[in-house]
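Working notes for the structure below.
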Amino acid sequence: MKILLEKIGKLPVGVIATAIGLVTLSNIYFALGYTWVKYLSVTMATLVWLAAVLKLILHFEKVKLEYKDVIPASLYATFAMLTMILGSFIADYFYDLGKTIWLIAIGIHLIHTVIFTYTHVIKRFDKESFIPTWFVTYDGLLVSTVVGSHMHEPIISRIIVLYGLIMFILIMPFMLFRILKRPLAEQVYHTAAILMAPGCLILVSLLNVYEHPNPNILYALYVIIFSAFIYIIYHIPHFFRFSFHPGFAGLTFPMAIGTVATQRFSAYVIEKQHFVIGEFLHQLTGIQIYLTTAIIAFVVYNFIRMIVRSYRRELAK
C-alpha cells in the first residue's frame, strides 16, 4: 500500500485526460446499446479520479511544483472536467448529488483558470509554452455543457457557451500562428490534436443549450473541426513514430469529442433535410469511432503497462 501511495504521487496528468477520452467514447457506444462499455469506462475513470484526489491530498507539494510548469498546469483542468463528467453520470441515479458535484466542478475549473491566468499569463508569459494544452484550461469548461443537458441550468449554460466561444475566437488565431511559425517540440508534439477539441465542445454545447442555434456558426465550426480531423489523420504516422510517453494522451479526448461532434452535426444536418451531407457525416462518424477506439485502446493499454511495470520495479527493490 505504501508503494502504491508513493506511485500515485507520480500519476501523469495525461492519465486524467485519457480517462475523459475513454468515457466520452463510451457514451457513443452507450447510445448504440452497449451499456457495459459505458459502465466499465466510468469505473476506470472513477479509479483515475480517486487517484488524482489522493495525489492532490497526499502529494500537494509535488502538485504545486508541477503547477509551476505551464504545460502540466494547463492540463490540471482535466481534473475538473472529469469531475463534471462523473457528476453528470451520478445525476442519472442521484440527481441532487450529481448536480452538486457538477456545479462544484465548474467552480473548481473557474478557480483553476483564474490561478493559471495570473501565474502563467499575467505574471510571466512564455511564448514557447503557448501550446494547444491552453485550450484545456480556457475551453475545457464547456465539458459541463456537453454533459449537463439534464442539469436544467439554462443561464449558467448559456454564459459558459458564450465564454467558450469568445475564448476560442481569441486564442485560436494566435495558436495557429505559433504552430506554423515554431513547430511543436517532440515531447508536446501530440498536443497538436487538441486543436480539434474546442470547436467540437462549442458545437455540441450549442446544440445542447440552444433550441435554435445559428446555423452559420455551426457550419463554420464544423469546417474547422473537419479541417482539424484531416490534419490529425495526415499526421497519425508522425504521432506514432515516437516511443510511448504520457504526451500521447493528447490524442484521446480530441478524437472522442470529435466523433461526438460529427455524430451530433450529422443528425442536425439530416433534420434540416440535407440528406447527402448528413449521410456523408453519418458514415464519417463510423470511421471516427473505428479510429478513436483504436487510438484510445492503444493509449490506455500503454498507460496501464507503464504503471504496472513501474510498480513491479518498486516491488523488486
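FYI, nothing fancy with the C-alpha cells labels: chains A, B, ... in order, residues from 1 per chain, ligands from 1 as they appear.
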Counting only C-alpha atoms, what are the residues of range 220-250 of chain A within 12 Å of range 282-292 of chain A, and for each of them which pair of atoms is the nearest and at what distance in Å, to one decimal? Sort the table by chain and rising number, as a tab-separated table.
residue	atom	partner	partner_atom	distance
A:Phe226	CA	A:Leu284	CA	10.2
A:Phe229	CA	A:Gln288	CA	9.2
A:Ile230	CA	A:Gln288	CA	11.2
A:Ile232	CA	A:Leu291	CA	11.0
A:Ile233	CA	A:Leu291	CA	9.4
A:Ile236	CA	A:Leu291	CA	10.4
Write a file of the just-selected residues containing all heavy atoms, as a compact mmCIF listing (two decimals), in the first residue's frame.
# COMPACT_ATOMS: atom_id res chain seq x y z
N PHE A 226 -13.62 19.62 -39.15
CA PHE A 226 -13.27 18.68 -40.22
C PHE A 226 -11.83 18.91 -40.69
O PHE A 226 -11.08 17.95 -40.92
CB PHE A 226 -14.24 18.82 -41.40
CG PHE A 226 -14.01 17.82 -42.49
CD1 PHE A 226 -14.41 16.50 -42.33
CD2 PHE A 226 -13.38 18.18 -43.67
CE1 PHE A 226 -14.20 15.56 -43.33
CE2 PHE A 226 -13.15 17.25 -44.67
CZ PHE A 226 -13.56 15.94 -44.51
N PHE A 229 -9.57 17.44 -38.18
CA PHE A 229 -9.60 15.98 -38.28
C PHE A 229 -8.68 15.50 -39.41
O PHE A 229 -7.91 14.55 -39.24
CB PHE A 229 -11.03 15.50 -38.52
CG PHE A 229 -11.15 14.02 -38.76
CD1 PHE A 229 -10.88 13.11 -37.74
CD2 PHE A 229 -11.51 13.52 -40.00
CE1 PHE A 229 -10.99 11.74 -37.95
CE2 PHE A 229 -11.62 12.16 -40.23
CZ PHE A 229 -11.35 11.27 -39.20
N ILE A 230 -8.75 16.17 -40.56
CA ILE A 230 -7.88 15.82 -41.68
C ILE A 230 -6.42 16.02 -41.30
O ILE A 230 -5.54 15.21 -41.63
CB ILE A 230 -8.23 16.67 -42.92
CG1 ILE A 230 -9.65 16.35 -43.41
CG2 ILE A 230 -7.22 16.44 -44.05
CD1 ILE A 230 -9.89 14.92 -43.78
N ILE A 232 -5.15 15.74 -38.28
CA ILE A 232 -4.77 14.65 -37.39
C ILE A 232 -4.52 13.37 -38.19
O ILE A 232 -3.52 12.66 -37.96
CB ILE A 232 -5.86 14.41 -36.32
CG1 ILE A 232 -5.91 15.60 -35.36
CG2 ILE A 232 -5.59 13.12 -35.54
CD1 ILE A 232 -7.08 15.54 -34.39
N ILE A 233 -5.42 13.06 -39.12
CA ILE A 233 -5.27 11.86 -39.95
C ILE A 233 -3.96 11.90 -40.72
O ILE A 233 -3.22 10.90 -40.79
CB ILE A 233 -6.46 11.70 -40.92
CG1 ILE A 233 -7.75 11.47 -40.14
CG2 ILE A 233 -6.21 10.55 -41.90
CD1 ILE A 233 -7.73 10.27 -39.24
N ILE A 236 -1.04 11.19 -38.28
CA ILE A 236 -1.01 9.98 -37.47
C ILE A 236 0.31 9.22 -37.59
O ILE A 236 0.87 8.78 -36.58
CB ILE A 236 -2.22 9.07 -37.81
CG1 ILE A 236 -3.45 9.55 -37.03
CG2 ILE A 236 -1.94 7.60 -37.43
CD1 ILE A 236 -4.70 8.74 -37.25
Considering only C-alpha atoms, tabulate each residue of range 117-207 of chain A that lies at most 12 Å from range 8-26 of chain A along with its nearest interatomic pair and the corresponding distance in Å to one decimal; arrange the rows by chain and ascending residue number and present them as JSON lines.
{"residue": "A:Thr133", "atom": "CA", "partner": "A:Ala17", "partner_atom": "CA", "distance": 10.9}
{"residue": "A:Val136", "atom": "CA", "partner": "A:Ala17", "partner_atom": "CA", "distance": 9.5}
{"residue": "A:Gly140", "atom": "CA", "partner": "A:Ala17", "partner_atom": "CA", "distance": 10.9}
{"residue": "A:Val143", "atom": "CA", "partner": "A:Ile20", "partner_atom": "CA", "distance": 9.8}
{"residue": "A:Val146", "atom": "CA", "partner": "A:Thr24", "partner_atom": "CA", "distance": 10.0}
{"residue": "A:Val147", "atom": "CA", "partner": "A:Thr24", "partner_atom": "CA", "distance": 9.4}
{"residue": "A:Val188", "atom": "CA", "partner": "A:Gly14", "partner_atom": "CA", "distance": 11.5}
{"residue": "A:His190", "atom": "CA", "partner": "A:Gly14", "partner_atom": "CA", "distance": 11.4}
{"residue": "A:Thr191", "atom": "CA", "partner": "A:Gly14", "partner_atom": "CA", "distance": 10.8}
{"residue": "A:Ile194", "atom": "CA", "partner": "A:Ala17", "partner_atom": "CA", "distance": 11.0}
{"residue": "A:Ala197", "atom": "CA", "partner": "A:Gly21", "partner_atom": "CA", "distance": 10.9}
{"residue": "A:Leu201", "atom": "CA", "partner": "A:Thr24", "partner_atom": "CA", "distance": 11.6}
For the residues selected in the previous step, produce a file with C-alpha atoms as an mmCIF file, in the first residue's frame.
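So the final result, stored in part26.cif, reads:
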data_model
loop_
_atom_site.group_PDB
_atom_site.id
_atom_site.type_symbol
_atom_site.label_atom_id
_atom_site.label_comp_id
_atom_site.auth_asym_id
_atom_site.auth_seq_id
_atom_site.Cartn_x
_atom_site.Cartn_y
_atom_site.Cartn_z
ATOM 1 C CA THR A 133 -2.918 22.479 -23.989
ATOM 2 C CA VAL A 136 -7.826 22.540 -21.945
ATOM 3 C CA GLY A 140 -12.424 22.742 -21.039
ATOM 4 C CA VAL A 143 -17.434 19.898 -20.920
ATOM 5 C CA VAL A 146 -21.668 18.890 -23.205
ATOM 6 C CA VAL A 147 -22.651 16.552 -20.354
ATOM 7 C CA VAL A 188 4.471 18.008 -26.787
ATOM 8 C CA HIS A 190 0.805 15.144 -29.785
ATOM 9 C CA THR A 191 -0.872 18.191 -28.246
ATOM 10 C CA ILE A 194 -6.095 19.262 -29.109
ATOM 11 C CA ALA A 197 -11.373 19.792 -29.263
ATOM 12 C CA LEU A 201 -17.057 21.334 -27.495
#
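Put simply, CA of Tyr210 in chain A is 9.7 Å away from CA of Val161 in chain A.
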Contacts of range 84-130 of chain A with range 149-152 of chain A up to 10 Å, shortest pair per row, only C-alpha atoms, as JSON lines:
{"residue": "A:Ser88", "atom": "CA", "partner": "A:Met151", "partner_atom": "CA", "distance": 8.1}
{"residue": "A:Ala91", "atom": "CA", "partner": "A:Met151", "partner_atom": "CA", "distance": 8.2}
{"residue": "A:Asp92", "atom": "CA", "partner": "A:His150", "partner_atom": "CA", "distance": 8.6}
{"residue": "A:Tyr95", "atom": "CA", "partner": "A:Met151", "partner_atom": "CA", "distance": 8.5}
{"residue": "A:Asp96", "atom": "CA", "partner": "A:Met151", "partner_atom": "CA", "distance": 9.4}
{"residue": "A:Gly98", "atom": "CA", "partner": "A:Met151", "partner_atom": "CA", "distance": 9.0}
{"residue": "A:Lys99", "atom": "CA", "partner": "A:Met151", "partner_atom": "CA", "distance": 6.3}
{"residue": "A:Thr100", "atom": "CA", "partner": "A:Met151", "partner_atom": "CA", "distance": 9.7}
{"residue": "A:Trp102", "atom": "CA", "partner": "A:Met151", "partner_atom": "CA", "distance": 8.5}
{"residue": "A:Leu103", "atom": "CA", "partner": "A:Met151", "partner_atom": "CA", "distance": 9.4}
Practice problem: Considering only C-alpha atoms, return as a count of residues only whatever protein or nucleic-acid residues lie within 12 Å of Pro173 in chain A, sequence-local ones (same chain, fewer than 5 positions apart) excluded. | Solution: 8
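The shell of residues at most 7 Å from range 120-126 of chain A, with only C-alpha atoms counted and near chain neighbours (fewer than 4 positions) removed, consists of Val70, Phe116 and Phe130 of chain A.
The two atoms in question, CA of Val299 in chain A and CA of Tyr29 in chain A, are spaced 18.4 Å apart.
Of the listed residues (A:His112, A:Arg158, A:Arg264, A:His245), A:His245 comes nearest to Val300 in chain A; the distances count only C-alpha atoms.
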Quiz item: Hey, can you check how far CA of Ile295 in chain A sits from CA of Val42 in chain A?
Solution: 18.2 Å
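Residues with any atom within 9 Å of range 203-208 of chain A, counting only C-alpha atoms and excluding same-chain neighbours fewer than 4 positions away, are Leu142, Val143, Ser144, Thr145, Val146, Val147, Gly148, Ser149, Ser157, Arg158, Val161, Pro198, Gly199, His212, Pro213, Asn214, Ile217, Leu218, Leu221, Tyr222, Ile257, Val260, Ala261, Arg264, Phe265 and Tyr268 of chain A.
The shortest atom-to-atom distance to Ile108 in chain A, with only C-alpha atoms taken into account, belongs to A:Tyr76 out of A:Tyr76, A:Trp134, A:Phe89, A:Phe239.
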Practice problem: Determine which residues of range 7-122 of chain A DSSP labels as alpha helix (DSSP H) from the backbone of this structure, then write them out as a ChimeraX atom specification. | Solution: /A:7-8,13-31,35-58,60-67,70-75,77-91,95-117
What does the file look like for those residues with C-alpha atoms, as an mmCIF file, in the first residue's frame?
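Below you can see selection.cif, which holds the result:
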data_model
loop_
_atom_site.group_PDB
_atom_site.id
_atom_site.type_symbol
_atom_site.label_atom_id
_atom_site.label_comp_id
_atom_site.auth_asym_id
_atom_site.auth_seq_id
_atom_site.Cartn_x
_atom_site.Cartn_y
_atom_site.Cartn_z
ATOM 1 C CA LYS A 7 3.321 5.879 -7.047
ATOM 2 C CA ILE A 8 0.135 7.934 -7.015
ATOM 3 C CA VAL A 13 -1.837 14.353 -15.706
ATOM 4 C CA GLY A 14 -2.267 12.705 -19.101
ATOM 5 C CA VAL A 15 -3.935 9.726 -17.398
ATOM 6 C CA ILE A 16 -6.809 12.004 -16.366
ATOM 7 C CA ALA A 17 -7.128 13.301 -19.932
ATOM 8 C CA THR A 18 -7.196 9.727 -21.216
ATOM 9 C CA ALA A 19 -9.963 8.833 -18.748
ATOM 10 C CA ILE A 20 -12.022 11.737 -20.121
ATOM 11 C CA GLY A 21 -11.498 10.487 -23.663
ATOM 12 C CA LEU A 22 -12.419 6.947 -22.632
ATOM 13 C CA VAL A 23 -15.713 7.969 -21.002
ATOM 14 C CA THR A 24 -16.581 10.297 -23.893
ATOM 15 C CA LEU A 25 -16.087 7.444 -26.360
ATOM 16 C CA SER A 26 -18.092 5.088 -24.140
ATOM 17 C CA ASN A 27 -21.081 7.445 -24.396
ATOM 18 C CA ILE A 28 -21.151 6.780 -28.138
ATOM 19 C CA TYR A 29 -21.162 3.027 -27.532
ATOM 20 C CA PHE A 30 -23.853 3.536 -24.890
ATOM 21 C CA ALA A 31 -26.056 5.272 -27.486
ATOM 22 C CA THR A 35 -24.241 -0.232 -21.815
ATOM 23 C CA TRP A 36 -21.496 -2.396 -20.301
ATOM 24 C CA VAL A 37 -18.859 -0.420 -22.197
ATOM 25 C CA LYS A 38 -20.014 2.779 -20.516
ATOM 26 C CA TYR A 39 -20.154 1.275 -17.024
ATOM 27 C CA LEU A 40 -16.694 -0.252 -17.428
ATOM 28 C CA SER A 41 -15.296 3.057 -18.689
ATOM 29 C CA VAL A 42 -16.916 5.052 -15.870
ATOM 30 C CA THR A 43 -15.482 2.585 -13.333
ATOM 31 C CA MET A 44 -11.983 3.032 -14.768
ATOM 32 C CA ALA A 45 -12.426 6.818 -14.869
ATOM 33 C CA THR A 46 -13.591 6.827 -11.241
ATOM 34 C CA LEU A 47 -10.442 4.966 -10.181
ATOM 35 C CA VAL A 48 -8.354 7.563 -12.030
ATOM 36 C CA TRP A 49 -10.331 10.359 -10.349
ATOM 37 C CA LEU A 50 -9.744 8.822 -6.906
ATOM 38 C CA ALA A 51 -6.031 8.513 -7.669
ATOM 39 C CA ALA A 52 -5.966 12.185 -8.696
ATOM 40 C CA VAL A 53 -7.710 13.189 -5.445
ATOM 41 C CA LEU A 54 -5.160 11.204 -3.416
ATOM 42 C CA LYS A 55 -2.351 12.854 -5.344
ATOM 43 C CA LEU A 56 -3.776 16.310 -4.571
ATOM 44 C CA ILE A 57 -4.133 15.442 -0.872
ATOM 45 C CA LEU A 58 -1.038 13.341 -0.184
ATOM 46 C CA PHE A 60 0.257 18.522 -2.692
ATOM 47 C CA GLU A 61 3.821 19.891 -2.707
ATOM 48 C CA LYS A 62 4.571 17.873 -5.840
ATOM 49 C CA VAL A 63 1.389 19.196 -7.447
ATOM 50 C CA LYS A 64 2.499 22.738 -6.638
ATOM 51 C CA LEU A 65 5.838 22.083 -8.320
ATOM 52 C CA GLU A 66 4.117 20.680 -11.402
ATOM 53 C CA TYR A 67 1.819 23.677 -11.469
ATOM 54 C CA VAL A 70 2.874 25.836 -17.830
ATOM 55 C CA ILE A 71 2.090 22.591 -19.666
ATOM 56 C CA PRO A 72 1.100 20.336 -16.733
ATOM 57 C CA ALA A 73 -0.584 23.342 -15.110
ATOM 58 C CA SER A 74 -2.850 23.836 -18.132
ATOM 59 C CA LEU A 75 -3.642 20.119 -18.118
ATOM 60 C CA ALA A 77 -8.040 21.490 -15.765
ATOM 61 C CA THR A 78 -8.762 17.881 -16.749
ATOM 62 C CA PHE A 79 -9.428 17.084 -13.088
ATOM 63 C CA ALA A 80 -12.393 19.473 -13.046
ATOM 64 C CA MET A 81 -13.519 18.193 -16.455
ATOM 65 C CA LEU A 82 -13.522 14.576 -15.270
ATOM 66 C CA THR A 83 -15.405 15.631 -12.136
ATOM 67 C CA MET A 84 -18.104 17.253 -14.323
ATOM 68 C CA ILE A 85 -18.465 14.027 -16.308
ATOM 69 C CA LEU A 86 -18.727 11.843 -13.204
ATOM 70 C CA GLY A 87 -21.183 14.311 -11.652
ATOM 71 C CA SER A 88 -23.346 14.061 -14.762
ATOM 72 C CA PHE A 89 -23.267 10.266 -14.570
ATOM 73 C CA ILE A 90 -24.186 10.262 -10.873
ATOM 74 C CA ALA A 91 -27.073 12.684 -11.587
ATOM 75 C CA TYR A 95 -29.854 13.835 -9.200
ATOM 76 C CA ASP A 96 -29.156 16.294 -6.383
ATOM 77 C CA LEU A 97 -25.777 14.756 -5.543
ATOM 78 C CA GLY A 98 -24.717 14.601 -9.185
ATOM 79 C CA LYS A 99 -25.772 18.177 -9.896
ATOM 80 C CA THR A 100 -23.934 19.408 -6.798
ATOM 81 C CA ILE A 101 -20.753 17.668 -7.964
ATOM 82 C CA TRP A 102 -21.266 19.162 -11.455
ATOM 83 C CA LEU A 103 -21.605 22.687 -10.008
ATOM 84 C CA ILE A 104 -18.586 22.234 -7.724
ATOM 85 C CA ALA A 105 -16.542 21.052 -10.725
ATOM 86 C CA ILE A 106 -17.483 24.219 -12.615
ATOM 87 C CA GLY A 107 -16.292 26.252 -9.631
ATOM 88 C CA ILE A 108 -13.013 24.303 -9.466
ATOM 89 C CA HIS A 109 -12.432 24.885 -13.167
ATOM 90 C CA LEU A 110 -13.059 28.624 -12.820
ATOM 91 C CA ILE A 111 -10.669 28.875 -9.857
ATOM 92 C CA HIS A 112 -8.034 26.954 -11.832
ATOM 93 C CA THR A 113 -8.493 29.290 -14.817
ATOM 94 C CA VAL A 114 -8.008 32.396 -12.665
ATOM 95 C CA ILE A 115 -4.879 30.968 -10.987
ATOM 96 C CA PHE A 116 -3.446 29.761 -14.307
ATOM 97 C CA THR A 117 -4.079 33.127 -15.965
#
Quiz item: Residues at most 10 Å from Gln187 in chain A, counting only C-alpha atoms, excluding those fewer than 5 positions away in the same chain, as JSON, numbers by chain?
Solution: {"A": [242, 245, 246, 247, 248]}
Expected file: the selected residues, C-alpha atoms, as a compact mmCIF listing (two decimals), in the first residue's frame:
# COMPACT_ATOMS: atom_id res chain seq x y z
CA PHE A 242 7.72 8.16 -31.13
CA HIS A 245 5.08 8.66 -23.37
CA PRO A 246 2.31 10.50 -21.42
CA GLY A 247 2.04 13.08 -24.22
CA PHE A 248 0.11 10.51 -26.26
Practice problem: Kindly indicate which residue among A:Ile156, A:Cys200, A:Tyr93, A:Arg182 lies nearest to Asp139 in chain A, using only C-alpha atoms for the distances. | Solution: A:Cys200
